[in-house]
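Encoded as structure tokens, the structure appears first; notes follow it.
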There are 2 protein chains.
Amino acid sequence: MEFQDCFPIWSKLSEAQRGRVLDSLVFRRLKKGAVVHNGGLDCTGLLLVKSGQLRAYILSDEGREITIYRLFDRDICLFSASCILRSAQFDITIEAEKDTGLWVIPAEVYQSVMEESAPAANYTNEIMAARFSEVMWLMEQVMWKSMDKRVAAFLLEEASIEGTARLSITHEAIANHLGTHREVVTRMLRYFQGEGMVELSRGTVKLLDEKKLAALRDA
Amino acid sequence: MEFQDCFPIWSKLSEAQRGRVLDSLVFRRLKKGAVVHNGGLDCTGLLLVKSGQLRAYILSDEGREITIYRLFDRDICLFSASCILRSAQFDITIEAEKDTGLWVIPAEVYQSVMEESAPAANYTNEIMAARFSEVMWLMEQVMWKSMDKRVAAFLLEEASIEGTARLSITHEAIANHLGTHREVVTRMLRYFQGEGMVELSRGTVKLLDEKKLAALRDA
């Protein structure tokens with residue numbers, strides 16, 4: 001799979017623009033856990049995931065985390081290049097959730113293409129609108145949903161991403177996705193276990209009754 | 001003040017694009033409290049505020065509200081035209097907080113301009129990035145800040161917008177801005193009153209000690 005096949009507006013760029021992108025393109029391999037973009041400190045560039053999984057999250061002053069969105073194969077991360085958007089005033093951290101291979105288009109190269117190409121600028125709009133939708137969804141969850149529903153939704157999402165009902169994940173990691181404390185997650189999971197929805201063991205959550213979890217999530 | 005003076009990319013549009021925009025432009029006057037855009041039901045178009053004040057908010061199934069952002073003179077509302085962004089999947093309601101005059105550019109006209117004009121598409125990017133920043137700020141508030149700090153921040157913001165320390169606002173309205181219940185706001189305001197920071201009377205909150213409120217907000 002080549003860069004050209006993964007970059008949706010490739011056919012709409014001019015020869016000169018394609019040359020500029022290809023000449024500056026860098027392919028990087030990240031180990032699980034590596035931080036590829038660290039808030040306002042970096043202007044990493046546009047990231048295009050070839051394979052793997054990234055997580056974008058924000059951090060509180062006290063070190064608490066909440067996952068804002070996740071990126072999978074062929075997804076594009078725009079906010080790692082937020083320096084090219086003057087109005088983007090927020091700090092996001094992006095880390096590899098799995099071993100990941102990705103292309104980096106340097107921020108200034110993408111900016112120069114976007115400034116002269118309506119298709120590139122409109123494509124950027126679509127990416128941002130998609131991320132905006134994810135953040136608005138998250139806002140609704142955080143504002144109106146109780147933590148039991150959010151934990152149930154997260155477990156089902158993880159099972160779907162991983163393709164297995166046996167999740168290798170700590171209570172701490174779940175808390176960092178959801179922006180809460182480990183103790184809250186532990187209490188919730190024990191309640192789920194009591195209800196026969198999950199089975200807990202060290203570093204593992206096994207989903208026993210996905211229907212019941214889905215019913216809780218959608219209640 | 002004419003439309004041309006308020007629309008920042010006017011000088012970057014072609015004659016044909018300008019003609020299309022002017023021919024389709026509608027000026028509307030809204031009374032305070034009027035809803036100009038109602039979630040996914042509408043595709044109102046791009047709104048450019050000439051004078052007045054708008055509030056964008058989301059609603060829970062139970063009818064609770066939280067203000068996402070506010071718009072003032074010369075501000076542009078993009079998500080009232082979210083139908084032109086395929087990836088924008090969320091429902092925002094927009095209402096006039098004061099009597100407001102605004103121009104509406106029909107969604108399909110703006111879309112046609114944006115598709116052919118890189119400056120228009122990049123301008124749209126900047127607006128969206130600015131709104132994104134506001135939502136991320138709000139997310140941080142909701143996730144990491146206690147309600148006393150958020151009420152203090154809201155009162156100071158209102159005083160700054162209104163240019164007065166005597167705010168004509170109900171506890172219910174404050175709760176709807178912050179996404180909480182009226183009782184929570186009432187309890188908080190009474191606590192502030194006990195601390196000498198505000199004075200409460202029917203439909204009015206008077207700020208007595210803005211320094212102390214700011215210290216609470218920033219603590």
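We name chains A, B, ... following the order of the structure tokens; residues begin at 1 in each chain, and ligands are numbered from 1 as shown.
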Near-Asn125 in chain A list (8 Å; only C-alpha atoms; drop same-chain fewer than 4 positions) as a VMD selection string: (chain A and resid 121 129) or (chain B and resid 85 121 124 to 125 128)
Please dump the current selection as a compact mmCIF listing (two decimals), in the first residue's frame; keep C-alpha atoms.
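What ended up in again-v8.txt:
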# COMPACT_ATOMS: atom_id res chain seq x y z
CA ALA A 121 -8.61 22.95 1.75
CA ALA A 129 -15.75 18.43 10.70
CA LEU B 85 -20.07 19.45 5.54
CA ALA B 121 -12.28 26.99 1.92
CA THR B 124 -13.94 28.08 6.54
CA ASN B 125 -11.09 26.08 8.05
CA MET B 128 -14.02 25.78 12.28
Counting only C-alpha atoms, what is within 9 Å of Ala152 in chain A, bar same-chain residues fewer than 4 positions away, as a PyMOL selection string? chain A and resi 147-148+156-157+192+213-214+216-217
If we count only C-alpha atoms, which residues of chain B reach to within 7 Å of chain A? Please list them as a VMD selection string. chain B and resid 60 85 87 to 90 115 to 118 121 to 122 125 to 126 129 to 130 132 to 133 136 139 144
Taking N, CA and C atoms for each residue, export the selection above as an mmCIF file, in the first residue's frame.
data_model
loop_
_atom_site.group_PDB
_atom_site.id
_atom_site.type_symbol
_atom_site.label_atom_id
_atom_site.label_comp_id
_atom_site.auth_asym_id
_atom_site.auth_seq_id
_atom_site.Cartn_x
_atom_site.Cartn_y
_atom_site.Cartn_z
ATOM 1 N N SER B 60 -29.942 17.925 25.765
ATOM 2 C CA SER B 60 -30.031 16.489 26.089
ATOM 3 C C SER B 60 -31.441 15.989 25.807
ATOM 4 N N LEU B 85 -21.231 20.246 5.119
ATOM 5 C CA LEU B 85 -20.070 19.452 5.542
ATOM 6 C C LEU B 85 -20.559 18.044 5.811
ATOM 7 N N SER B 87 -19.265 15.502 6.858
ATOM 8 C CA SER B 87 -18.761 14.830 8.054
ATOM 9 C C SER B 87 -19.244 15.457 9.358
ATOM 10 N N ALA B 88 -19.997 16.537 9.272
ATOM 11 C CA ALA B 88 -20.476 17.194 10.487
ATOM 12 C C ALA B 88 -21.764 16.519 10.942
ATOM 13 N N GLN B 89 -21.645 15.657 11.940
ATOM 14 C CA GLN B 89 -22.785 14.858 12.396
ATOM 15 C C GLN B 89 -23.132 15.229 13.828
ATOM 16 N N PHE B 90 -23.725 16.385 14.021
ATOM 17 C CA PHE B 90 -24.160 16.735 15.366
ATOM 18 C C PHE B 90 -25.201 17.827 15.255
ATOM 19 N N GLU B 115 -16.232 25.319 -2.836
ATOM 20 C CA GLU B 115 -15.671 24.231 -3.645
ATOM 21 C C GLU B 115 -14.684 24.725 -4.690
ATOM 22 N N GLU B 116 -14.897 25.954 -5.182
ATOM 23 C CA GLU B 116 -13.988 26.431 -6.234
ATOM 24 C C GLU B 116 -12.958 27.416 -5.732
ATOM 25 N N SER B 117 -13.120 27.937 -4.518
ATOM 26 C CA SER B 117 -12.218 28.979 -4.036
ATOM 27 C C SER B 117 -11.379 28.502 -2.847
ATOM 28 N N ALA B 118 -10.075 28.407 -3.034
ATOM 29 C CA ALA B 118 -9.187 28.020 -1.926
ATOM 30 C C ALA B 118 -9.270 29.040 -0.780
ATOM 31 N N ALA B 121 -12.396 28.254 1.193
ATOM 32 C CA ALA B 121 -12.278 26.988 1.920
ATOM 33 C C ALA B 121 -11.327 27.145 3.102
ATOM 34 N N ASN B 122 -10.237 27.881 2.920
ATOM 35 C CA ASN B 122 -9.294 28.081 4.027
ATOM 36 C C ASN B 122 -9.890 28.966 5.120
ATOM 37 N N ASN B 125 -11.980 26.805 7.140
ATOM 38 C CA ASN B 125 -11.090 26.080 8.048
ATOM 39 C C ASN B 125 -10.784 26.868 9.306
ATOM 40 N N GLU B 126 -10.484 28.143 9.124
ATOM 41 C CA GLU B 126 -10.122 28.979 10.268
ATOM 42 C C GLU B 126 -11.304 29.150 11.218
ATOM 43 N N ALA B 129 -11.712 25.870 13.065
ATOM 44 C CA ALA B 129 -10.646 25.681 14.058
ATOM 45 C C ALA B 129 -10.918 26.550 15.287
ATOM 46 N N ALA B 130 -11.441 27.755 15.071
ATOM 47 C CA ALA B 130 -11.751 28.638 16.205
ATOM 48 C C ALA B 130 -12.861 28.026 17.061
ATOM 49 N N PHE B 132 -13.640 24.866 17.178
ATOM 50 C CA PHE B 132 -13.063 23.667 17.768
ATOM 51 C C PHE B 132 -12.326 24.030 19.051
ATOM 52 N N SER B 133 -11.580 25.116 19.008
ATOM 53 C CA SER B 133 -10.830 25.551 20.189
ATOM 54 C C SER B 133 -11.779 25.868 21.329
ATOM 55 N N MET B 136 -13.001 22.648 22.791
ATOM 56 C CA MET B 136 -11.964 21.982 23.579
ATOM 57 C C MET B 136 -11.778 22.688 24.922
ATOM 58 N N MET B 139 -14.590 21.538 26.981
ATOM 59 C CA MET B 139 -14.360 20.160 27.438
ATOM 60 C C MET B 139 -13.451 20.150 28.660
ATOM 61 N N TRP B 144 -12.447 19.051 34.116
ATOM 62 C CA TRP B 144 -11.483 19.233 35.208
ATOM 63 C C TRP B 144 -11.837 20.331 36.201
#
Can you list every residue in chain A that DSSP puts in alpha helix (DSSP H), as a ChimeraX atom specification? /A:3-6,15-24,107-116,118-144,147-162,171-178,182-194,210-218
Based on the backbone DSSP call, show me all residues of range 3-180 of chain B assigned strand (DSSP E or B), as a PyMOL selection string. chain B and resi 26-30+35-38+46-51+54-59+65-71+76-77+93-96+100-105+166-168
Need the shell around Tyr110 in chain B: protein/DNA/RNA residues with any atom at most 8 Å away, counting only C-alpha atoms. Skip same-chain ones fewer than 6 positions apart. Format as a list of chain:residue names? B:Val21, B:Gly45, B:Leu46
Skipping near chain neighbours, those fewer than 3 positions away, what residues fall within 6 Å of Trp103 in chain A using only C-alpha atoms, listed as a ChimeraX atom specification? /A:26-27,47-48
For the residues selected in the previous step, produce a file with C-alpha atoms as a tab-separated table (two decimals), in the first residue's frame.
chain	number	residue	atom	x	y	z
A	26	VAL	CA	8.68	10.93	5.87
A	27	PHE	CA	7.66	7.42	6.88
A	47	LEU	CA	-0.13	12.27	9.94
A	48	LEU	CA	-1.53	9.59	7.66
